[in-house]
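Chemist: Before we start, here is the structure in question, set down as structure tokens.
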Amino acid sequence: MTENVTEQALSLSMDMGEAMLECGADVHRVEQTISLIGGAYGADRVDVFSINSMVLATVQAGEQTYTQSRRVTSYTTDLDRLEDLNSLSRRLCGEKPPLDRARRAFARLGGRSGVLPVLLKAMGYVFAAGGFCVFFGGRAGDCLVSMLIAVLLWLCDRHLRAQLPNRLIYTAVTAAAMGILACLAGRIGLAPNPDKVMIGDIMLQIPGLVLINGLRDMLLGDTMTGCMRVVEAVLTALAIALGFAVALMLFHVPASGLTASAEVQTVSGIFGTLGFSLLFSVKMKRMVPVLACGALTAVIYECCTFFTDNMFLCFVIPAIVCGLVAESMARIIKAPTTVFLLPGLVVLLPGNALYYTMAALVQSAGREAVAYGTLTVQESVAIAMGVVASSILTIVLTKIIGKMKKRR
């Protein structure tokens, strides 16, 4: 294997690592992908360092050393493209095709295009907002208004987000617009519970997954990446709070205090999971196991709330179960764990607690703000710890099963 080939393989693997970061992959997967491809194409040593906004790699082949870096300026969650990139990396490491052919295969991974994916994305906004509006206690009118506002947010995200590159300003402006529309709908009688409308729409912007991934990275040792993600999540949450605070200062919105039954929460949670699966561009052939993972998480959550009032346990146990199921499905189907984990966790996101924290701050209710804020952090930490625990359990169980097979 010539040194020139090793350098070309590094370039290809770096491009793939950059694309994976843009799709929302965790840094461990990016580093592992680059290392494995480099080793498959003749590198004697591969050193990779990645955070969520940059990847740097150095490979050594014989007496030559090559270093390349990539800067990632924008990223989203595109599980369809991420799965394709993961599949391609497996194929490159296993088959080691010529690099020109590998480069052409990478170039063909353009993601979804056409009218249907656009409509599916719009449906994702609708199902996610409406599903979680009902999940947190909203009624039929609230659900309808929440879905209509979600369509307007989809239009803004599709046509206006690129015009306002500062994501925090955009988030604050759109949050304010959604909050005002929800309050106006409440004033004219379309939405009896505007707070539930806002909670449903908050779920579309809440940085819960970013915060959870950041906490998980910190617990797994990727301190720098974890800190960056936590800071990003906190700033985004502040932007959302600022936007909705504008609406709450203009309109008095009392807390409805409504809750949904366990059966309604389970069904609406499945619709919410479907919505986020469409938002995350999950492949249609993965939709059934993804929804099953989300449904199981919702059921476990409901069972925990029935048997205990300890909210930490009510979130950490479903997160562990969701993580174990996602890890198992990933190994069976040969797909990234993220494909099943992220949509499966959305029913646990603390949108309800975040909204009431913000509302209490606007109303100068210090004790309530502290209580709800503490609950938001507690729930997020519980989810992150559950995901980490499931990863550790999976590794331990895999080793035990491997040893048992060797003995046989």
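FYI, nothing fancy with the structure tokens labels: chains A, B, ... in order, residues from 1 per chain, ligands from 1 as they appear.
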Run DSSP on the backbone of this structure and report the residues of region 173-328 of chain A it assigns to helix (DSSP H, G or I), as a VMD selection string.

Modeler: chain A and resid 173 to 187 194 to 202 208 to 219 223 to 250 262 to 279 284 to 307 311 to 328

Chemist: Hey, which bits of region 310-360 of chain A sit within 10 Å of region 132-147 of chain A, and for each residue what's the closest pair of atoms and how far apart in Å (one decimal), counting only C-alpha atoms, rows by chain and increasing number, as CSV?

Modeler:
```
residue,atom,partner,partner_atom,distance
A:Val346,CA,A:Phe132,CA,9.6
A:Val347,CA,A:Phe132,CA,8.1
A:Gly351,CA,A:Phe136,CA,8.9
A:Asn352,CA,A:Phe136,CA,6.9
```

Chemist: Let's have the selection written as a CSV table (one decimal), in the first residue's frame, with all heavy atoms.

Modeler:
```
chain,number,residue,atom,x,y,z
A,346,VAL,N,-37.1,10.9,23.0
A,346,VAL,CA,-37.8,12.2,23.0
A,346,VAL,C,-39.0,12.3,23.9
A,346,VAL,O,-39.3,13.3,24.4
A,346,VAL,CB,-38.3,12.5,21.5
A,346,VAL,CG1,-37.1,12.7,20.6
A,346,VAL,CG2,-39.2,11.5,21.0
A,347,VAL,N,-39.6,11.1,24.3
A,347,VAL,CA,-40.8,11.2,25.2
A,347,VAL,C,-40.3,11.6,26.6
A,347,VAL,O,-41.1,11.9,27.4
A,347,VAL,CB,-41.5,9.8,25.2
A,347,VAL,CG1,-42.1,9.5,23.9
A,347,VAL,CG2,-40.6,8.7,25.7
A,351,GLY,N,-39.7,19.1,28.3
A,351,GLY,CA,-40.3,20.3,27.8
A,351,GLY,C,-41.3,21.0,28.7
A,351,GLY,O,-41.4,22.2,28.9
A,352,ASN,N,-42.0,20.1,29.5
A,352,ASN,CA,-43.0,20.6,30.4
A,352,ASN,C,-42.3,21.4,31.6
A,352,ASN,O,-42.7,22.5,31.9
A,352,ASN,CB,-43.7,19.4,31.0
A,352,ASN,CG,-45.0,19.8,31.8
A,352,ASN,OD1,-45.8,20.5,31.3
A,352,ASN,ND2,-45.1,19.3,33.0
```

Chemist: Between A:Cys227, A:Val362, A:Ile392, A:Val316, which is the closest to Glu379 (chain A) once you count only C-alpha atoms?

Modeler: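 Result for the nearest residue to Glu379 (chain A): A:Val316.
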
Chemist: Ranking A:Val48, A:Ala384, A:Met287, A:Cys293 by minimum distance to Asp80 (chain A) and counting only C-alpha atoms, which one comes first?

Modeler: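 Ranked by minimum distance to Asp80 (chain A), first place goes to A:Met287.
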
Chemist: Kindly provide the residues of region 255-317 of chain A that approach region 182-192 of chain A to within 12 Å, each paired with its closest atom pair and their distance in Å to one decimal, based on only C-alpha atoms, listed by chain and increasing number, as JSON lines.

Modeler:
```
{"residue": "A:Ala255", "atom": "CA", "partner": "A:Pro192", "partner_atom": "CA", "distance": 11.2}
{"residue": "A:Ser256", "atom": "CA", "partner": "A:Pro192", "partner_atom": "CA", "distance": 8.9}
{"residue": "A:Leu258", "atom": "CA", "partner": "A:Pro192", "partner_atom": "CA", "distance": 11.1}
```

Chemist: For C-alpha atoms, I'd like the residues from the last selection saved as a CSV table (one decimal), in the first residue's frame.

Modeler:
```csv
chain,number,residue,atom,x,y,z
A,255,ALA,CA,-51.2,27.2,34.3
A,256,SER,CA,-54.0,24.8,33.4
A,258,LEU,CA,-54.2,19.4,33.2
```

Chemist: Find the distance between CA of Lys96 (chain A) and CA of Ala326 (chain A) and write it in Å to one decimal.

Modeler: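 That distance, rounded to one decimal, is 28.8 Å.
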
Chemist: Env of Asn213 (chain A): 9 Å cut, atoms = only C-alpha atoms, seq-sep filter 6 positions within chain, self excluded. Answer as a ChimeraX atom specification.

Modeler: /A:26,226,229-230,384

Chemist: Using DSSP on the backbone, list every residue of region 52-267 of chain A that comes out as strand (DSSP E or B), and give them as an NGL selection string.

Modeler: :A and (54-61 or 64-71)

Chemist: Save out the residues we just selected, N, CA, C and O atoms, as an mmCIF file, in the first residue's frame.

Modeler:
```
data_model
loop_
_atom_site.group_PDB
_atom_site.id
_atom_site.type_symbol
_atom_site.label_atom_id
_atom_site.label_comp_id
_atom_site.auth_asym_id
_atom_site.auth_seq_id
_atom_site.Cartn_x
_atom_site.Cartn_y
_atom_site.Cartn_z
ATOM 1 N N MET A 54 -15.095 20.440 14.983
ATOM 2 C CA MET A 54 -13.838 20.266 14.278
ATOM 3 C C MET A 54 -13.335 18.845 14.432
ATOM 4 O O MET A 54 -13.606 18.185 15.438
ATOM 5 N N VAL A 55 -12.591 18.388 13.415
ATOM 6 C CA VAL A 55 -11.936 17.085 13.497
ATOM 7 C C VAL A 55 -10.515 17.241 12.957
ATOM 8 O O VAL A 55 -10.290 17.894 11.933
ATOM 9 N N LEU A 56 -9.545 16.673 13.660
ATOM 10 C CA LEU A 56 -8.132 16.758 13.309
ATOM 11 C C LEU A 56 -7.550 15.350 13.366
ATOM 12 O O LEU A 56 -7.778 14.625 14.331
ATOM 13 N N ALA A 57 -6.812 14.971 12.328
ATOM 14 C CA ALA A 57 -6.253 13.619 12.280
ATOM 15 C C ALA A 57 -4.837 13.647 11.711
ATOM 16 O O ALA A 57 -4.533 14.425 10.793
ATOM 17 N N THR A 58 -3.992 12.784 12.253
ATOM 18 C CA THR A 58 -2.628 12.587 11.764
ATOM 19 C C THR A 58 -2.405 11.095 11.556
ATOM 20 O O THR A 58 -2.714 10.298 12.450
ATOM 21 N N VAL A 59 -1.906 10.735 10.379
ATOM 22 C CA VAL A 59 -1.606 9.332 10.101
ATOM 23 C C VAL A 59 -0.131 9.197 9.780
ATOM 24 O O VAL A 59 0.494 10.104 9.223
ATOM 25 N N GLN A 60 0.407 8.054 10.131
ATOM 26 C CA GLN A 60 1.803 7.744 9.836
ATOM 27 C C GLN A 60 1.857 6.490 8.982
ATOM 28 O O GLN A 60 1.264 5.469 9.325
ATOM 29 N N ALA A 61 2.554 6.596 7.851
ATOM 30 C CA ALA A 61 2.734 5.458 6.945
ATOM 31 C C ALA A 61 4.215 5.384 6.593
ATOM 32 O O ALA A 61 4.722 6.224 5.840
ATOM 33 N N GLN A 64 6.594 8.613 6.400
ATOM 34 C CA GLN A 64 5.803 9.804 6.089
ATOM 35 C C GLN A 64 4.678 10.008 7.101
ATOM 36 O O GLN A 64 4.092 9.041 7.594
ATOM 37 N N THR A 65 4.401 11.292 7.379
ATOM 38 C CA THR A 65 3.310 11.655 8.273
ATOM 39 C C THR A 65 2.418 12.673 7.580
ATOM 40 O O THR A 65 2.919 13.628 6.980
ATOM 41 N N TYR A 66 1.111 12.446 7.657
ATOM 42 C CA TYR A 66 0.139 13.342 7.019
ATOM 43 C C TYR A 66 -0.857 13.827 8.070
ATOM 44 O O TYR A 66 -1.315 13.046 8.910
ATOM 45 N N THR A 67 -1.171 15.110 7.993
ATOM 46 C CA THR A 67 -2.128 15.711 8.926
ATOM 47 C C THR A 67 -3.162 16.510 8.151
ATOM 48 O O THR A 67 -2.804 17.269 7.247
ATOM 49 N N GLN A 68 -4.435 16.325 8.500
ATOM 50 C CA GLN A 68 -5.515 17.090 7.887
ATOM 51 C C GLN A 68 -6.531 17.470 8.960
ATOM 52 O O GLN A 68 -6.634 16.807 10.001
ATOM 53 N N SER A 69 -7.271 18.525 8.697
ATOM 54 C CA SER A 69 -8.309 18.959 9.625
ATOM 55 C C SER A 69 -9.530 19.404 8.846
ATOM 56 O O SER A 69 -9.444 19.741 7.664
ATOM 57 N N ARG A 70 -10.666 19.389 9.519
ATOM 58 C CA ARG A 70 -11.918 19.855 8.933
ATOM 59 C C ARG A 70 -12.642 20.705 9.979
ATOM 60 O O ARG A 70 -12.695 20.351 11.151
ATOM 61 N N ARG A 71 -13.200 21.813 9.528
ATOM 62 C CA ARG A 71 -13.976 22.700 10.396
ATOM 63 C C ARG A 71 -15.445 22.534 10.052
ATOM 64 O O ARG A 71 -15.848 22.671 8.900
#
```

Chemist: Taking into account only C-alpha atoms, which residue in the set A:Leu220, A:Met249, A:Leu155, A:Leu119 is nearest to Ala360 (chain A)?

Modeler: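 Of all the options, A:Met249 lies closest to Ala360 (chain A).
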
Chemist: Just give me the gap between CA of Gly257 (chain A) and CA of Ser277 (chain A) in Å, one decimal is fine.

Modeler: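 Going from CA of Gly257 (chain A) over to CA of Ser277 (chain A), I get 28.8 Å.
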